[in-house]
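Undergrad: Take a look at the following structure, please.
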Amino acid sequence: KDIVYRHVSESTQLEAHNLARQGVEHGTIIIANEQTNGRGRLGRKWYSEKGKGIFMSMILRPNFDYEQISLITLLTSIIIFDSLKNVYGITSKIKWPNDIYIDDRKCAGILSEIHGEQDQIHYLIIGIGINTHKTEYPVEIESKAISIEEKIDGSPNRVELITEILNNFELGYERFIELGFTAYFDQYNNLLYGKEKKVIVTNFNRKVIGLIEGVNQNGHLLIKKEDGSVKEVVSGVVEFI
Ligand code: BTN
């Protein structure tokens, strides 16, 4: 499979969309050392300083349905957990749906974007941003972000981590195709950050308040409300209160 490398990219996510449109094959990866306009979820920016992180996007051409596809992003967060564990012995947690947390701070994020309609998906881009090296984050995220370097002795080797992630992803993806999310369900729930904690989940103008119970087989978040009922959340932003 092809790996495209850029010293500087506006956004590997953007470049991945362009490559996908040009017809590159399933599994093509684009990696940058720096992004000038890194994008996060919900229109946010992704801080992407030169040499301080892993910024990569994967182009996938899955041939299964829409519901399954959102589960691939949950799978990706498990892959990152496993990779951090295997390479550095770091134990992280997954904040639903797919943020990687270490010590209550975010270390990595995943942005997955589908191109196509419900019944005809052309391609899927999974963007992964990982804070590897210590840096001065902008004030608004400085207390919420953490890098791998802060958790290990020495300096993290990005090539080693990328290799581990890609190898694990390849295996994990095959297993996912064969067995579905069922094969990952328990692990995902075990790694879930903030279980039993009180949260407010916002999805557009709808809000749900309650305790995090876990996810169901569809990867939807289950929130136990004060009246004892359980609300299933398909997508949204989780804030701890
Ligand atoms: C999030 O908001 O948590 C998701 C962040 C995803 C960032 C990655 S870095 C590589 C790829 N290119 C981008 O512009 N964004 C994603």
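Naming scheme: A, B, ... for chains in displayed order of the structure tokens; residues 1 onward per chain; ligands 1 onward as shown.
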Find the residues around range 164-172 of chain A up to 9 Å (only C-alpha atoms counted), leave out those fewer than 4 positions away in its own chain, and share them as number ranges by chain.

TA: A: 27, 75-76, 79-80, 82-84, 86-87, 159-160, 176-177

Undergrad: If you take only C-alpha atoms and all ligand atoms and a cut-off of 8 Å, which residues of chain A touch ligand 1, and what are their nearest atom pairs and distances in Å to one decimal, in chain and number order, as a tab-separated table?

TA:
```
residue	atom	partner	partner_atom_place_in_ligand_line	distance
A:Glu10	CA	ligand 1	14 (O)	7.4
A:Ser11	CA	ligand 1	14 (O)	4.1
A:Thr12	CA	ligand 1	12 (N)	4.3
A:Gln13	CA	ligand 1	12 (N)	4.1
A:Leu14	CA	ligand 1	14 (O)	6.7
A:Ile31	CA	ligand 1	10 (C)	7.6
A:Ala32	CA	ligand 1	10 (C)	7.9
A:Gln35	CA	ligand 1	14 (O)	7.1
A:Asn37	CA	ligand 1	14 (O)	6.4
A:Gly38	CA	ligand 1	14 (O)	3.5
A:Arg39	CA	ligand 1	14 (O)	3.7
A:Gly40	CA	ligand 1	2 (O)	3.3
A:Arg41	CA	ligand 1	2 (O)	3.7
A:Leu42	CA	ligand 1	2 (O)	7.0
A:Arg44	CA	ligand 1	2 (O)	6.5
A:Lys45	CA	ligand 1	2 (O)	7.5
A:Trp46	CA	ligand 1	7 (C)	5.5
A:Ser48	CA	ligand 1	9 (S)	7.1
A:Ile54	CA	ligand 1	9 (S)	7.0
A:Phe55	CA	ligand 1	10 (C)	3.9
A:Met56	CA	ligand 1	10 (C)	4.2
A:Ser57	CA	ligand 1	11 (C)	5.3
A:Asn98	CA	ligand 1	3 (O)	7.4
A:Asp99	CA	ligand 1	3 (O)	5.9
A:Ala108	CA	ligand 1	3 (O)	6.6
A:Gly109	CA	ligand 1	3 (O)	3.4
A:Ile110	CA	ligand 1	4 (C)	4.1
A:Leu111	CA	ligand 1	4 (C)	4.3
A:Ile126	CA	ligand 1	16 (C)	7.6
A:Gly127	CA	ligand 1	16 (C)	4.0
A:Ile128	CA	ligand 1	8 (C)	4.3
A:Gly129	CA	ligand 1	9 (S)	3.7
A:Ile130	CA	ligand 1	9 (S)	7.2
```

Undergrad: Please measure the separation of CA of Asp153 in chain A and CA of Gly53 in chain A, giving the value in Å to one decimal.

TA: 16.9 Å

Undergrad: List every residue of range 1-169 of chain A that DSSP, applied to the backbone of this structure, places in strand (DSSP E), and write the result as a PyMOL selection string.

TA: chain A and resi 3-6+28-32+53-60+93-95+99-102+105-117+120-131

Undergrad: Could those residues be written to a file, using N, CA and C atoms, as a short mmCIF file (atom, residue, chain, number, x, y, z; two decimals), in the first residue's frame?

TA:
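And here's out_1.cif as it stands now:
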```
data_model
loop_
_atom_site.label_atom_id
_atom_site.label_comp_id
_atom_site.auth_asym_id
_atom_site.auth_seq_id
_atom_site.Cartn_x
_atom_site.Cartn_y
_atom_site.Cartn_z
N ILE A 3 2.22 4.93 0.97
CA ILE A 3 2.25 5.91 2.05
C ILE A 3 2.82 7.20 1.46
N VAL A 4 2.03 8.24 1.51
CA VAL A 4 2.46 9.54 0.98
C VAL A 4 2.95 10.37 2.15
N TYR A 5 4.15 10.94 2.03
CA TYR A 5 4.68 11.75 3.12
C TYR A 5 4.85 13.21 2.69
N ARG A 6 4.48 14.10 3.56
CA ARG A 6 4.66 15.54 3.30
C ARG A 6 5.38 16.18 4.49
N THR A 28 -4.52 3.54 1.27
CA THR A 28 -3.50 4.58 1.06
C THR A 28 -3.45 5.51 2.28
N ILE A 29 -2.23 5.86 2.67
CA ILE A 29 -2.03 6.66 3.89
C ILE A 29 -1.31 7.95 3.52
N ILE A 30 -1.70 9.04 4.16
CA ILE A 30 -0.93 10.26 3.99
C ILE A 30 -0.53 10.79 5.37
N ILE A 31 0.77 11.10 5.48
CA ILE A 31 1.33 11.53 6.77
C ILE A 31 2.07 12.85 6.58
N ALA A 32 1.93 13.75 7.54
CA ALA A 32 2.66 15.01 7.45
C ALA A 32 3.44 15.27 8.75
N GLY A 53 3.92 16.00 16.55
CA GLY A 53 2.82 15.03 16.63
C GLY A 53 2.79 14.11 15.42
N ILE A 54 1.85 13.18 15.47
CA ILE A 54 1.58 12.34 14.29
C ILE A 54 0.30 12.89 13.67
N PHE A 55 0.40 13.23 12.40
CA PHE A 55 -0.75 13.76 11.68
C PHE A 55 -0.94 12.89 10.46
N MET A 56 -1.93 12.04 10.48
CA MET A 56 -2.09 11.16 9.31
C MET A 56 -3.55 10.87 9.00
N SER A 57 -3.78 10.56 7.73
CA SER A 57 -5.13 10.22 7.28
C SER A 57 -5.07 8.94 6.45
N MET A 58 -6.06 8.10 6.65
CA MET A 58 -6.12 6.82 5.93
C MET A 58 -7.33 6.85 5.00
N ILE A 59 -7.11 6.40 3.78
CA ILE A 59 -8.20 6.34 2.81
C ILE A 59 -8.70 4.89 2.75
N LEU A 60 -9.96 4.71 3.08
CA LEU A 60 -10.52 3.35 3.08
C LEU A 60 -11.71 3.30 2.13
N LYS A 93 -7.27 5.83 28.05
CA LYS A 93 -8.72 5.56 28.11
C LYS A 93 -9.34 6.17 26.86
N ILE A 94 -10.53 5.72 26.54
CA ILE A 94 -11.21 6.28 25.37
C ILE A 94 -12.40 7.11 25.81
N LYS A 95 -12.36 8.38 25.48
CA LYS A 95 -13.54 9.21 25.75
C LYS A 95 -14.43 9.11 24.53
N ASP A 99 -11.85 9.89 21.48
CA ASP A 99 -10.70 10.65 21.95
C ASP A 99 -9.88 9.76 22.86
N ILE A 100 -8.56 9.89 22.73
CA ILE A 100 -7.69 9.09 23.61
C ILE A 100 -7.20 9.97 24.76
N TYR A 101 -7.48 9.52 25.95
CA TYR A 101 -7.12 10.28 27.15
C TYR A 101 -6.04 9.57 27.95
N ILE A 102 -5.11 10.39 28.45
CA ILE A 102 -4.12 9.90 29.41
C ILE A 102 -4.19 10.86 30.59
N ARG A 105 -6.34 13.96 30.36
CA ARG A 105 -6.06 14.93 29.30
C ARG A 105 -6.05 14.23 27.96
N LYS A 106 -6.37 15.00 26.92
CA LYS A 106 -6.46 14.39 25.59
C LYS A 106 -5.09 14.26 24.94
N CYS A 107 -4.80 13.07 24.46
CA CYS A 107 -3.52 12.81 23.80
C CYS A 107 -3.71 12.61 22.30
N ALA A 108 -4.88 12.13 21.92
CA ALA A 108 -5.10 11.88 20.49
C ALA A 108 -6.58 12.02 20.14
N GLY A 109 -6.81 12.34 18.89
CA GLY A 109 -8.18 12.48 18.41
C GLY A 109 -8.33 11.87 17.03
N ILE A 110 -9.55 11.50 16.70
CA ILE A 110 -9.82 10.86 15.41
C ILE A 110 -10.95 11.62 14.72
N LEU A 111 -10.75 11.87 13.46
CA LEU A 111 -11.78 12.56 12.66
C LEU A 111 -12.12 11.65 11.50
N SER A 112 -13.36 11.13 11.48
CA SER A 112 -13.67 10.27 10.34
C SER A 112 -14.73 10.91 9.48
N GLU A 113 -14.49 10.90 8.20
CA GLU A 113 -15.37 11.57 7.26
C GLU A 113 -15.74 10.63 6.13
N ILE A 114 -17.05 10.59 5.85
CA ILE A 114 -17.55 9.70 4.81
C ILE A 114 -17.88 10.52 3.57
N HIS A 115 -17.52 9.99 2.44
CA HIS A 115 -17.95 10.64 1.21
C HIS A 115 -18.91 9.71 0.49
N GLY A 116 -20.10 10.18 0.24
CA GLY A 116 -21.10 9.36 -0.44
C GLY A 116 -22.41 9.41 0.30
N GLU A 117 -23.38 8.72 -0.24
CA GLU A 117 -24.71 8.70 0.36
C GLU A 117 -24.86 7.45 1.21
N GLN A 120 -24.63 4.41 -0.72
CA GLN A 120 -23.51 4.27 -1.65
C GLN A 120 -22.31 5.06 -1.14
N ILE A 121 -21.53 4.42 -0.30
CA ILE A 121 -20.37 5.09 0.28
C ILE A 121 -19.21 4.95 -0.70
N HIS A 122 -18.65 6.07 -1.09
CA HIS A 122 -17.53 6.01 -2.02
C HIS A 122 -16.20 5.76 -1.30
N TYR A 123 -16.02 6.50 -0.24
CA TYR A 123 -14.79 6.27 0.54
C TYR A 123 -14.95 6.86 1.94
N LEU A 124 -14.04 6.46 2.77
CA LEU A 124 -14.02 6.90 4.16
C LEU A 124 -12.61 7.39 4.46
N ILE A 125 -12.51 8.55 5.09
CA ILE A 125 -11.19 9.04 5.49
C ILE A 125 -11.13 9.03 7.01
N ILE A 126 -10.14 8.35 7.56
CA ILE A 126 -9.96 8.39 9.01
C ILE A 126 -8.70 9.18 9.30
N GLY A 127 -8.88 10.31 9.95
CA GLY A 127 -7.75 11.17 10.31
C GLY A 127 -7.36 10.92 11.76
N ILE A 128 -6.07 10.78 11.99
CA ILE A 128 -5.58 10.53 13.34
C ILE A 128 -4.58 11.62 13.71
N GLY A 129 -4.79 12.26 14.83
CA GLY A 129 -3.84 13.25 15.34
C GLY A 129 -3.38 12.80 16.72
N ILE A 130 -2.07 12.67 16.90
CA ILE A 130 -1.55 12.24 18.20
C ILE A 130 -0.50 13.24 18.68
N ASN A 131 -0.65 13.70 19.92
CA ASN A 131 0.36 14.58 20.50
C ASN A 131 1.51 13.71 20.96
#
```

Undergrad: What parts of range 45-147 of chain A does DSSP call helix (DSSP H, G or I)? I'd like the answer as an MDAnalysis selection string.

TA: chainID A and resid 66:88 139:142

Undergrad: Find, counting only C-alpha atoms, the residue in A:Arg206, A:Leu222, A:Ala183, A:Glu140 that gets nearest to Ile78 in chain A.

TA: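 Once distances to Ile78 in chain A are computed over only C-alpha atoms, the minimum belongs to A:Ala183.
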
Undergrad: Considering only C-alpha atoms, return as an mmCIF file with C-alpha atoms, in the first residue's frame whatever protein or nucleic-acid residues lie within 9 Å of Lys197 in chain A, sequence-local ones (same chain, fewer than 6 positions apart) excluded.

TA:
```cif
data_model
loop_
_atom_site.group_PDB
_atom_site.id
_atom_site.type_symbol
_atom_site.label_atom_id
_atom_site.label_comp_id
_atom_site.auth_asym_id
_atom_site.auth_seq_id
_atom_site.Cartn_x
_atom_site.Cartn_y
_atom_site.Cartn_z
ATOM 1 C CA GLY A 210 -26.968 11.608 33.386
ATOM 2 C CA LEU A 211 -24.339 9.003 34.172
ATOM 3 C CA ILE A 212 -22.274 7.225 31.527
ATOM 4 C CA GLU A 213 -23.261 3.545 31.477
ATOM 5 C CA PHE A 240 -18.230 16.147 32.456
ATOM 6 C CA ILE A 241 -20.133 18.132 35.079
#
```

Undergrad: Pick out the closest residue to Thr73 in chain A from this set: A:Asn216, A:Lys151, A:Val237, A:Tyr188. Count only C-alpha atoms.

TA: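 Closest candidate: A:Tyr188.
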
Undergrad: Under the rule that only C-alpha atoms are counted, which of A:Lys50, A:Lys1, A:Lys198, A:Lys134 is the nearest residue to His26 in chain A?

TA: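 Once distances to His26 in chain A are computed over only C-alpha atoms, the minimum belongs to A:Lys1.
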